[in-house]
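So this one's protein_29.tsv, TSV, C-alpha atoms:
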chain	number	residue	atom	x	y	z
A	1	MET	CA	68.57	274.99	373.37
A	2	ARG	CA	65.08	276.36	373.30
A	3	PRO	CA	62.85	275.88	376.39
A	4	ARG	CA	60.30	272.98	376.21
A	5	SER	CA	56.82	274.09	375.38
A	6	ARG	CA	53.61	272.71	376.71
A	7	HIS	CA	52.86	271.20	373.30
A	8	ASP	CA	56.06	269.09	373.40
A	9	ALA	CA	55.23	267.69	376.81
A	10	VAL	CA	51.78	266.61	375.68
A	11	THR	CA	53.24	264.87	372.63
A	12	GLU	CA	55.71	262.88	374.73
A	13	ILE	CA	52.94	261.74	377.07
A	14	ALA	CA	50.84	260.52	374.09
A	15	TRP	CA	53.72	258.48	372.62
A	16	ALA	CA	54.41	256.90	376.02
A	17	CYS	CA	50.77	255.80	376.31
A	18	ARG	CA	50.87	254.19	372.85
A	19	LEU	CA	54.06	252.28	373.70
A	20	CYS	CA	52.55	250.92	376.91
A	21	GLY	CA	49.47	249.71	375.01
A	22	LEU	CA	51.58	247.93	372.41
A	23	LEU	CA	53.63	246.12	375.08
A	24	LEU	CA	50.46	245.08	376.86
A	25	SER	CA	49.02	243.58	373.63
A	26	VAL	CA	52.20	241.56	373.00
A	27	ALA	CA	52.12	240.19	376.52
A	28	VAL	CA	48.48	239.14	376.20
A	29	LEU	CA	49.10	237.46	372.82
A	30	SER	CA	52.12	235.59	374.22
A	31	GLY	CA	50.05	234.32	377.09
A	32	CYS	CA	47.37	233.07	374.73
A	33	LEU	CA	49.89	231.20	372.64
A	34	GLN	CA	51.37	229.55	375.71
A	35	GLU	CA	47.96	228.47	376.92
A	36	ALA	CA	46.88	226.94	373.52
A	37	PRO	CA	46.28	223.19	373.84
A	38	SER	CA	48.72	220.87	372.07
A	39	THR	CA	47.57	219.09	368.84
A	40	PRO	CA	46.23	215.59	369.36
A	41	ALA	CA	48.28	212.61	368.30
A	42	SER	CA	47.68	211.54	364.65
A	43	GLU	CA	45.39	208.56	364.08
A	44	SER	CA	46.58	205.25	362.65
A	45	PRO	CA	46.97	205.43	358.84
A	46	THR	CA	44.54	203.58	356.59
A	47	VAL	CA	46.04	201.14	354.09
A	48	THR	CA	44.55	198.98	351.35
A	49	VAL	CA	45.16	195.27	351.81
A	50	SER	CA	44.26	192.22	349.77
A	51	LEU	CA	44.56	188.46	349.98
A	52	PRO	CA	46.80	186.71	347.43
A	53	VAL	CA	45.14	185.43	344.27
A	54	GLU	CA	45.19	181.66	343.87
A	55	GLN	CA	45.14	180.30	340.33
A	56	GLN	CA	46.73	177.80	337.97
A	57	VAL	CA	49.99	178.99	336.38
A	58	ALA	CA	52.63	177.35	334.23
A	59	ASP	CA	56.30	177.98	333.62
A	60	TYR	CA	57.08	179.78	330.41
A	61	ALA	CA	59.89	181.37	328.45
A	62	ASP	CA	59.65	184.73	326.69
A	63	PHE	CA	61.34	185.62	323.40
A	64	THR	CA	61.24	188.31	320.76
A	65	GLY	CA	60.72	187.80	317.05
A	66	ARG	CA	59.24	189.14	313.83
A	67	THR	CA	56.13	188.29	311.89
A	68	LYS	CA	56.45	187.11	308.31
A	69	ALA	CA	53.97	186.30	305.56
A	70	VAL	CA	53.38	182.62	304.82
A	71	ASP	CA	53.46	183.40	301.08
A	72	ALA	CA	55.14	186.41	299.45
A	73	VAL	CA	55.19	186.82	295.67
A	74	GLU	CA	56.95	189.37	293.46
A	75	ILE	CA	54.76	190.14	290.46
A	76	ARG	CA	57.02	190.42	287.39
A	77	ALA	CA	56.26	190.77	283.69
A	78	ARG	CA	56.58	187.50	281.75
A	79	VAL	CA	56.49	189.12	278.32
A	80	THR	CA	58.03	192.33	277.00
A	81	GLY	CA	55.60	195.08	276.11
A	82	TYR	CA	54.03	198.36	277.14
A	83	LEU	CA	51.95	198.45	280.32
A	84	ASP	CA	48.36	199.18	279.33
A	85	LYS	CA	46.34	198.98	282.58
A	86	VAL	CA	46.77	198.97	286.39
A	87	CYS	CA	43.70	197.16	287.68
A	88	PHE	CA	43.90	197.19	291.48
A	89	GLU	CA	43.70	199.55	294.44
A	90	GLU	CA	47.08	199.91	296.10
A	91	GLY	CA	47.22	198.35	299.55
A	92	ALA	CA	43.95	196.45	299.11
A	93	GLU	CA	43.35	192.77	299.68
A	94	VAL	CA	43.04	190.66	296.52
A	95	LYS	CA	41.92	187.12	295.78
A	96	LYS	CA	43.77	184.49	293.80
A	97	GLY	CA	43.09	185.12	290.10
A	98	ASP	CA	42.26	188.83	290.42
A	99	LEU	CA	43.57	190.96	287.55
A	100	LEU	CA	46.42	193.24	288.65
A	101	PHE	CA	48.05	194.52	285.43
A	102	GLU	CA	47.52	194.25	281.69
A	103	ILE	CA	50.22	194.64	279.04
A	104	ASP	CA	49.12	195.83	275.58
A	105	PRO	CA	47.82	192.54	274.09
A	106	ARG	CA	47.51	193.58	270.43
A	107	PRO	CA	50.94	192.41	269.20
A	108	PHE	CA	50.48	189.08	270.98
A	109	GLN	CA	46.93	188.68	269.66
A	110	ALA	CA	48.18	189.25	266.11
A	111	LYS	CA	50.92	186.66	266.60
A	112	TYR	CA	48.39	184.15	267.90
A	113	ASP	CA	46.04	184.79	264.99
A	114	GLN	CA	48.95	184.23	262.60
A	115	THR	CA	49.69	180.85	264.17
A	116	LEU	CA	46.04	179.84	263.91
A	117	ALA	CA	46.15	180.62	260.19
A	118	LYS	CA	49.31	178.56	259.90
A	119	ILE	CA	47.51	175.63	261.50
A	120	LYS	CA	44.72	175.84	258.91
A	121	LEU	CA	47.30	175.87	256.12
A	122	CYS	CA	49.08	172.84	257.55
A	123	ARG	CA	45.82	170.94	257.95
A	124	ALA	CA	44.89	171.61	254.35
A	125	ASP	CA	48.29	170.42	253.18
A	126	LEU	CA	48.02	167.34	255.35
A	127	GLN	CA	44.64	166.53	253.88
A	128	TYR	CA	46.11	166.75	250.35
A	129	ARG	CA	49.15	164.63	251.29
A	130	LYS	CA	46.90	162.03	252.85
A	131	ALA	CA	44.81	161.76	249.68
A	132	GLU	CA	47.93	161.67	247.53
A	133	LEU	CA	49.35	158.83	249.62
A	134	ALA	CA	46.12	156.90	249.31
A	135	ARG	CA	46.25	157.14	245.47
A	136	THR	CA	49.90	156.19	245.17
A	137	SER	CA	49.35	153.27	247.53
A	138	LYS	CA	46.86	151.76	245.07
A	139	LEU	CA	48.91	152.55	241.96
A	140	VAL	CA	52.18	151.16	243.29
A	141	VAL	CA	50.55	147.71	243.56
A	142	THR	CA	49.85	147.66	239.81
A	143	ASN	CA	53.18	149.29	239.01
A	144	ALA	CA	51.33	152.33	237.69
A	145	VAL	CA	53.75	154.49	239.70
A	146	SER	CA	57.28	153.82	240.69
A	147	GLN	CA	58.40	152.89	244.15
A	148	SER	CA	60.25	156.21	244.30
A	149	ASP	CA	57.03	158.16	243.71
A	150	TYR	CA	55.35	156.17	246.45
A	151	ASP	CA	58.19	156.87	248.89
A	152	GLN	CA	57.96	160.60	248.09
A	153	SER	CA	54.23	160.54	248.89
A	154	VAL	CA	54.89	158.84	252.23
A	155	ALA	CA	57.58	161.38	253.11
A	156	ALA	CA	55.38	164.31	252.09
A	157	HIS	CA	52.54	162.95	254.24
A	158	ASP	CA	54.84	162.60	257.27
A	159	GLN	CA	56.21	166.10	256.71
A	160	ALA	CA	52.67	167.48	256.64
A	161	ILE	CA	51.91	165.77	259.95
A	162	ALA	CA	55.08	167.24	261.50
A	163	ALA	CA	54.35	170.70	260.09
A	164	LEU	CA	50.86	170.65	261.61
A	165	ALA	CA	52.27	169.60	264.99
A	166	ALA	CA	54.84	172.40	264.85
A	167	ALA	CA	52.18	174.94	263.91
A	168	GLU	CA	49.98	173.80	266.80
A	169	ALA	CA	52.93	174.09	269.22
A	170	THR	CA	53.70	177.58	267.94
A	171	ALA	CA	50.06	178.52	268.36
A	172	GLU	CA	50.08	177.19	271.93
A	173	GLU	CA	53.17	179.28	272.71
A	174	ALA	CA	51.58	182.37	271.18
A	175	LYS	CA	48.41	181.74	273.19
A	176	LEU	CA	50.49	181.41	276.35
A	177	HIS	CA	52.29	184.70	275.66
A	178	LEU	CA	48.94	186.34	275.02
A	179	SER	CA	47.71	185.11	278.41
A	180	TYR	CA	50.83	186.57	280.03
A	181	THR	CA	49.66	190.05	279.07
A	182	LYS	CA	47.15	189.73	281.92
A	183	LEU	CA	48.98	189.53	285.24
A	184	LEU	CA	46.81	187.82	287.87
A	185	SER	CA	47.34	187.48	291.60
A	186	PRO	CA	48.73	183.99	292.30
A	187	ILE	CA	47.56	184.00	295.95
A	188	ASP	CA	45.03	185.52	298.33
A	189	GLY	CA	46.64	188.41	300.16
A	190	GLU	CA	47.40	192.10	300.31
A	191	VAL	CA	48.89	193.89	297.33
A	192	SER	CA	51.52	196.62	297.59
A	193	ARG	CA	51.76	199.76	295.46
A	194	ALA	CA	52.29	199.72	291.71
A	195	LEU	CA	56.02	200.11	291.02
A	196	ILE	CA	55.46	200.83	287.31
A	197	THR	CA	52.78	203.15	285.94
A	198	LYS	CA	50.73	202.85	282.78
A	199	GLY	CA	52.58	203.49	279.50
A	200	ASN	CA	56.01	202.24	280.57
A	201	LEU	CA	57.89	199.47	278.80
A	202	VAL	CA	58.27	196.32	280.90
A	203	THR	CA	60.81	193.60	280.20
A	204	ALA	CA	60.07	189.89	280.47
A	205	ASP	CA	61.30	188.26	283.71
A	206	GLN	CA	63.04	191.47	284.82
A	207	THR	CA	60.59	194.27	285.57
A	208	GLN	CA	58.98	193.94	289.01
A	209	LEU	CA	55.51	195.47	289.06
A	210	THR	CA	54.39	194.94	292.67
A	211	THR	CA	54.30	192.36	295.49
A	212	VAL	CA	51.50	190.34	297.10
A	213	VAL	CA	51.77	188.85	300.60
A	214	SER	CA	49.38	186.48	302.31
A	215	VAL	CA	47.77	187.77	305.51
A	216	ASP	CA	45.97	184.86	307.19
A	217	PRO	CA	47.54	182.93	308.81
A	218	ILE	CA	50.89	184.57	309.54
A	219	TYR	CA	54.25	183.24	310.71
A	220	VAL	CA	56.32	184.46	313.66
A	221	TYR	CA	60.03	183.57	313.64
A	222	PHE	CA	62.02	183.80	316.88
A	223	ASP	CA	65.31	182.48	318.24
A	224	VAL	CA	65.46	180.20	321.30
A	225	ASP	CA	68.66	180.04	323.32
A	226	GLU	CA	70.48	176.77	323.80
A	227	GLN	CA	70.01	176.72	327.59
A	228	THR	CA	66.21	176.83	327.25
A	229	ILE	CA	66.29	174.03	324.67
A	230	LEU	CA	68.35	171.83	327.00
A	231	ASP	CA	66.08	172.60	329.98
A	232	VAL	CA	62.93	171.73	328.04
A	233	ARG	CA	64.43	168.47	326.79
A	234	GLU	CA	65.39	167.57	330.35
A	235	ASP	CA	61.88	168.36	331.60
A	236	VAL	CA	60.40	166.19	328.87
A	237	ARG	CA	62.78	163.35	329.70
A	238	THR	CA	61.95	163.48	333.42
A	239	GLY	CA	58.21	163.76	332.82
A	240	ARG	CA	57.81	167.30	334.20
A	241	ILE	CA	56.51	168.28	330.77
A	242	LYS	CA	54.11	165.78	329.24
A	243	VAL	CA	54.33	165.60	325.48
A	244	ARG	CA	51.43	163.95	323.69
A	245	GLU	CA	51.96	162.46	320.26
A	246	LYS	CA	50.78	164.64	317.33
A	247	GLU	CA	49.71	167.40	319.72
A	248	GLN	CA	50.43	170.97	318.67
A	249	VAL	CA	52.64	172.94	321.07
A	250	PRO	CA	50.80	176.16	321.99
A	251	VAL	CA	52.51	179.55	321.77
A	252	GLN	CA	51.29	183.05	322.65
A	253	MET	CA	52.19	186.39	321.13
A	254	GLY	CA	51.74	190.11	321.83
A	255	LEU	CA	52.61	193.22	319.82
A	256	MET	CA	54.41	196.32	321.09
A	257	ASN	CA	51.20	198.18	321.95
A	258	GLU	CA	49.39	195.23	323.51
A	259	LYS	CA	49.30	194.09	327.13
A	260	GLY	CA	50.06	190.48	327.79
A	261	PHE	CA	49.92	187.91	324.99
A	262	PRO	CA	46.44	188.05	323.43
A	263	HIS	CA	47.23	186.05	320.26
A	264	ASN	CA	47.21	182.24	320.46
A	265	GLY	CA	48.93	179.98	317.95
A	266	TYR	CA	51.07	176.87	317.75
A	267	LEU	CA	54.63	175.88	316.87
A	268	ASP	CA	55.10	174.15	313.51
A	269	PHE	CA	58.82	174.32	312.75
A	270	MET	CA	62.23	174.20	314.40
A	271	ASP	CA	65.46	174.54	312.47
A	272	ASN	CA	67.72	171.49	312.19
A	273	GLN	CA	70.80	173.02	313.84
A	274	ILE	CA	71.88	175.57	316.44
A	275	ASN	CA	73.63	178.64	315.15
A	276	PRO	CA	77.16	178.43	316.64
A	277	ASN	CA	77.63	182.20	316.35
A	278	THR	CA	74.57	183.10	318.46
A	279	GLY	CA	73.92	179.90	320.41
A	280	THR	CA	70.28	179.95	319.32
A	281	ILE	CA	67.96	177.96	317.09
A	282	THR	CA	65.22	179.43	314.91
A	283	VAL	CA	61.65	178.43	315.76
A	284	ARG	CA	58.43	179.32	313.95
A	285	GLY	CA	54.90	179.81	315.21
A	286	VAL	CA	51.67	180.04	313.21
A	287	PHE	CA	48.97	182.52	314.23
A	288	PRO	CA	45.52	183.20	312.79
A	289	ASN	CA	44.99	186.75	311.56
A	290	PRO	CA	41.26	187.17	310.84
A	291	GLN	CA	39.62	190.30	309.46
A	292	PRO	CA	38.04	192.27	312.35
A	293	ALA	CA	34.62	193.92	312.09
A	294	LEU	CA	36.26	197.36	311.92
A	295	GLY	CA	39.66	198.35	310.56
A	296	GLY	CA	42.36	196.21	309.03
A	297	ARG	CA	43.92	192.98	310.20
A	298	ILE	CA	45.94	193.27	313.39
A	299	LEU	CA	49.07	191.44	312.27
A	300	LYS	CA	51.31	192.65	309.45
A	301	PRO	CA	54.46	191.01	308.06
A	302	GLY	CA	57.46	192.57	309.79
A	303	ASN	CA	55.77	193.31	313.15
A	304	PHE	CA	57.96	193.14	316.26
A	305	ALA	CA	56.50	190.36	318.39
A	306	ARG	CA	56.79	189.27	321.99
A	307	VAL	CA	56.48	185.49	322.13
A	308	ARG	CA	55.70	183.29	325.13
A	309	VAL	CA	56.12	179.52	325.08
A	310	VAL	CA	54.66	177.52	327.98
A	311	SER	CA	57.18	174.98	329.23
A	312	SER	CA	55.40	173.10	332.04
A	313	GLU	CA	52.07	171.75	333.18
A	314	PRO	CA	49.82	174.25	335.07
A	315	GLN	CA	50.27	174.28	338.85
A	316	GLN	CA	48.45	176.04	341.68
A	317	ALA	CA	50.21	179.24	342.79
A	318	MET	CA	49.66	182.47	344.74
A	319	LEU	CA	50.00	185.85	343.07
A	320	VAL	CA	50.01	189.48	344.19
A	321	ALA	CA	49.65	192.77	342.33
A	322	GLU	CA	52.91	193.74	340.69
A	323	ARG	CA	51.69	197.15	339.52
A	324	ALA	CA	50.48	198.02	343.03
A	325	MET	CA	54.14	197.82	344.21
A	326	ALA	CA	53.34	195.16	346.72
A	327	VAL	CA	56.84	193.75	346.24
A	328	SER	CA	59.82	195.96	347.09
A	329	SER	CA	63.58	195.50	347.22
A	330	ASP	CA	65.72	195.44	350.34
A	331	GLN	CA	69.42	195.17	349.45
A	332	GLY	CA	68.67	192.68	346.72
A	333	GLN	CA	66.09	190.80	348.80
A	334	LYS	CA	62.39	190.91	347.93
A	335	TYR	CA	59.75	191.48	350.58
A	336	VAL	CA	56.15	192.47	351.11
A	337	LEU	CA	54.41	194.22	353.97
A	338	ILE	CA	51.46	192.42	355.48
A	339	VAL	CA	48.98	193.29	358.25
A	340	ASP	CA	48.60	190.69	361.02
A	341	ASP	CA	45.48	189.88	363.04
A	342	LYS	CA	46.32	192.76	365.45
A	343	ASN	CA	46.48	195.25	362.54
A	344	VAL	CA	50.25	195.65	362.92
A	345	VAL	CA	52.45	195.93	359.83
A	346	GLN	CA	54.85	193.00	359.47
A	347	TYR	CA	57.88	192.55	357.20
A	348	ARG	CA	57.71	189.33	355.12
A	349	ARG	CA	60.53	188.20	352.84
A	350	VAL	CA	59.29	186.40	349.71
A	351	THR	CA	60.61	184.66	346.61
A	352	PRO	CA	58.94	186.10	343.52
A	353	GLY	CA	58.54	184.19	340.29
A	354	LYS	CA	57.34	185.19	336.86
A	355	THR	CA	54.59	187.62	335.96
A	356	GLU	CA	51.06	186.70	334.89
A	357	GLY	CA	49.65	189.88	333.35
A	358	SER	CA	49.60	192.45	336.16
A	359	LEU	CA	50.13	189.77	338.82
A	360	LEU	CA	53.41	188.43	340.17
A	361	VAL	CA	53.81	184.80	341.20
A	362	ILE	CA	55.08	184.40	344.79
A	363	GLU	CA	56.89	181.08	345.04
A	364	LYS	CA	57.73	181.24	348.78
A	365	GLY	CA	56.90	183.41	351.78
A	366	LEU	CA	53.12	183.91	351.64
A	367	SER	CA	50.05	182.02	352.78
A	368	ARG	CA	46.54	182.34	351.45
A	369	THR	CA	45.37	184.22	354.57
A	370	ASP	CA	48.08	186.92	354.55
A	371	ARG	CA	46.70	190.42	354.10
A	372	VAL	CA	49.19	192.07	351.75
A	373	ILE	CA	49.41	195.85	351.64
A	374	VAL	CA	48.72	196.96	348.06
A	375	GLY	CA	47.80	200.61	348.67
A	376	GLY	CA	49.53	203.12	350.96
A	377	LEU	CA	52.73	201.10	351.05
A	378	GLN	CA	54.97	204.19	351.25
A	379	ARG	CA	53.17	205.63	354.29
A	380	VAL	CA	53.80	202.80	356.75
A	381	GLN	CA	56.70	201.00	358.40
A	382	PRO	CA	57.00	197.52	359.97
A	383	GLY	CA	55.69	197.52	363.55
A	384	GLU	CA	53.22	200.35	362.95
A	385	THR	CA	49.52	199.92	363.73
A	386	VAL	CA	47.24	200.64	360.77
A	387	VAL	CA	43.58	200.56	359.77
A	388	PRO	CA	43.33	197.94	356.98
A	389	LYS	CA	40.73	198.14	354.22
A	390	LEU	CA	40.35	194.73	352.55
A	391	VAL	CA	39.71	194.75	348.79
A	392	ASP	CA	39.72	192.17	346.01
A	393	MET	CA	43.16	191.90	344.38
A	394	LYS	CA	41.96	191.67	340.78
A	395	THR	CA	39.44	194.50	341.24
A	396	PHE	CA	42.22	196.67	342.64
A	397	ILE	CA	44.45	195.93	339.62
A	398	GLU	CA	41.67	196.62	337.12
A	399	ARG	CA	40.93	199.98	338.67
A	400	GLU	CA	44.60	200.89	338.86
A	401	ASP	CA	45.05	200.01	335.18
A	402	ALA	CA	41.99	202.06	334.27
A	403	GLY	CA	43.16	205.03	336.37
A	404	ALA	CA	39.91	205.10	338.37
A	405	ASN	CA	39.82	207.60	341.24
A	406	SER	CA	36.66	206.45	343.03
A	407	PRO	CA	37.24	204.30	346.13
A	408	ILE	CA	37.14	200.53	345.82
A	409	PRO	CA	34.31	198.94	347.82
A	410	PRO	CA	35.82	196.97	350.70
A	411	ILE	CA	35.31	193.24	351.21
A	412	ASP	CA	33.61	191.99	354.35
A	413	SER	CA	36.48	190.33	356.14
A	414	LYS	CA	34.09	188.10	358.11
A	415	LYS	CA	32.62	186.67	354.93
A	416	LYS	CA	36.06	186.34	353.43
Would you mind writing the structure in this file as structure tokens?
Amino acid sequence: MRPRSRHDAVTEIAWACRLCGLLLSVAVLSGCLQEAPSTPASESPTVTVSLPVEQQVADYADFTGRTKAVDAVEIRARVTGYLDKVCFEEGAEVKKGDLLFEIDPRPFQAKYDQTLAKIKLCRADLQYRKAELARTSKLVVTNAVSQSDYDQSVAAHDQAIAALAAAEATAEEAKLHLSYTKLLSPIDGEVSRALITKGNLVTADQTQLTTVVSVDPIYVYFDVDEQTILDVREDVRTGRIKVREKEQVPVQMGLMNEKGFPHNGYLDFMDNQINPNTGTITVRGVFPNPQPALGGRILKPGNFARVRVVSSEPQQAMLVAERAMAVSSDQGQKYVLIVDDKNVVQYRRVTPGKTEGSLLVIEKGLSRTDRVIVGGLQRVQPGETVVPKLVDMKTFIEREDAGANSPIPPIDSKKK
């Protein structure tokens, strides 16, 4: 081992000084951390509350169905010939009497002209036979002609009359066939595409050319279950549902992309028997389908439809926001959280009913003065003190549906 030099001793002293400084810094930092004040207790959470909405509601039953045109016509050729013209825009709306197709009319026009000439020939022959009968009628009195000649004149006159009638009937048939070369729309409605193009041979009563369906009004067919039918009849019998003579039963409808039931119509038909295989009966509603200012008509035959039939008189009820998750489930039981007059969250079991748009009917468990938590429901528990912010229930729903992020102006609880 070599002897320690002065340089080694100095180096060891320097490293010892650095180690002492590092330990001193750790000690100071530890003391600072121990002396740091504890964080203050969190403040009471703020929640959005609202009073139940009071409005008139009625019992109803919801079904599903399909729309169907009131009138639907298959346009078929009524005479055999070659298609000469297609006279409509595919998918457009047409009026009754509009020209859709035209079959080459020339052969039919020639046939009609031939029958007209035949009529002229028969009229000329009838005129001759009439004059001949008039002459023989005078001569038979003086025995200038025989009775047999007179009888032949009478028969020839009658044959001329019959020939003229037959010629006129043939001409009428030819005229009718000529008119069939122009295929007109039998109804107001919307026309489909042309199934046969110009130049093709079409066969009478066989070749389908297109279809036309009416568009306003429109039917909706749906099936009602037997239990609902029995319940409604019982409600009518007991007077819970008041049926007025000759009054139309209202019905509402909504499409797949629509909220609620924006279309209003009435029931006009119920089948005469219940289907034993399905336990349902077919019912039909009629709905107007006007032309909007922009775009096409809303309803089309074949649309899937949600149908709502009101089954009771309107009654006063309380409703809360369904979309705001004001109603939750607790082992199959429904409840809401409310804020009492001491701003403490309380658990309240309720009995929910049916929905009215974005609102849910509460049949039991709420009073009109209960402040129901509609915002911040997941952040609080029963028994916890909160800071409530009172808002209007419908305003809250509208802003939630619109996805608005700006805060809702609170309601003055004193004025409320």
What's the 12 Å shell around A:Thr351, counting only C-alpha atoms, without same-chain residues fewer than 3 positions away, as a PDB file with C-alpha atoms, in the coordinates of the input?
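See part_9.pdb below for the written result:
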ATOM      1  CA  MET A 318      49.660 182.470 344.740  1.00  0.00           C
ATOM      2  CA  LEU A 319      50.000 185.850 343.070  1.00  0.00           C
ATOM      3  CA  VAL A 320      50.010 189.480 344.190  1.00  0.00           C
ATOM      4  CA  VAL A 327      56.840 193.750 346.240  1.00  0.00           C
ATOM      5  CA  SER A 328      59.820 195.960 347.090  1.00  0.00           C
ATOM      6  CA  SER A 329      63.580 195.500 347.220  1.00  0.00           C
ATOM      7  CA  GLY A 332      68.670 192.680 346.720  1.00  0.00           C
ATOM      8  CA  GLN A 333      66.090 190.800 348.800  1.00  0.00           C
ATOM      9  CA  LYS A 334      62.390 190.910 347.930  1.00  0.00           C
ATOM     10  CA  TYR A 335      59.750 191.480 350.580  1.00  0.00           C
ATOM     11  CA  VAL A 336      56.150 192.470 351.110  1.00  0.00           C
ATOM     12  CA  ARG A 348      57.710 189.330 355.120  1.00  0.00           C
ATOM     13  CA  LYS A 354      57.340 185.190 336.860  1.00  0.00           C
ATOM     14  CA  LEU A 360      53.410 188.430 340.170  1.00  0.00           C
ATOM     15  CA  VAL A 361      53.810 184.800 341.200  1.00  0.00           C
ATOM     16  CA  ILE A 362      55.080 184.400 344.790  1.00  0.00           C
ATOM     17  CA  GLU A 363      56.890 181.080 345.040  1.00  0.00           C
ATOM     18  CA  LYS A 364      57.730 181.240 348.780  1.00  0.00           C
ATOM     19  CA  GLY A 365      56.900 183.410 351.780  1.00  0.00           C
ATOM     20  CA  LEU A 366      53.120 183.910 351.640  1.00  0.00           C
TER      21      LEU A 366
END
Quick one: residues within 9 Å of A:Lys111, only C-alpha atoms counted, chain neighbours fewer than 6 positions away excluded, as an MDAnalysis selection string?
chainID A and resid 171 174:175 178
If we count all atoms listed in the file, what is near stretch 302-315 of chain A at a cut-off of 6 Å, once residues fewer than 3 positions away on the same chain are taken out, given as a PyMOL selection string?
chain A and resi 56-68+241+251-255
Counting only C-alpha atoms, I want the residues whose atoms come within 9 Å of (45.6, 204.9, 360.0) in the file frame, returned as number ranges by chain.
A: 42-47, 385-388
With a distance cut-off of 8 Å and all atoms listed in the file, select the neighbouring residues of A:Ala194, excluding the residue or stretch itself and same-chain residues fewer than 3 positions from it, and output the selection as a ChimeraX atom specification.
/A:86,90,197,209-210
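The shortest atom-to-atom distance to A:Val49, with all atoms listed in the file taken into account, belongs to A:Val339 out of A:Arg368, A:Thr395, A:Val232, A:Val339.
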Find the residues near A:Gln291: any atom within 12 Å, counting all atoms listed in the file, skip ones fewer than 4 places away on the same chain, and give them as a list in words.
Glu93, Gly189, Val215, Asp216, Pro217, Gly295, Gly296, Arg297, Ile298, Leu299 and Lys300 of chain A
Padded axis-aligned box of stretch 286-302 of chain A (6 Å per side), centre and edge lengths, Å, one decimal, as JSON:
{"center_x": 46.0, "center_y": 189.2, "center_z": 311.1, "size_x": 34.8, "size_y": 30.3, "size_z": 18.2}
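Picture a line from atom CA of A:Asn264 to atom CA of A:Pro292; it runs 15.8 Å.
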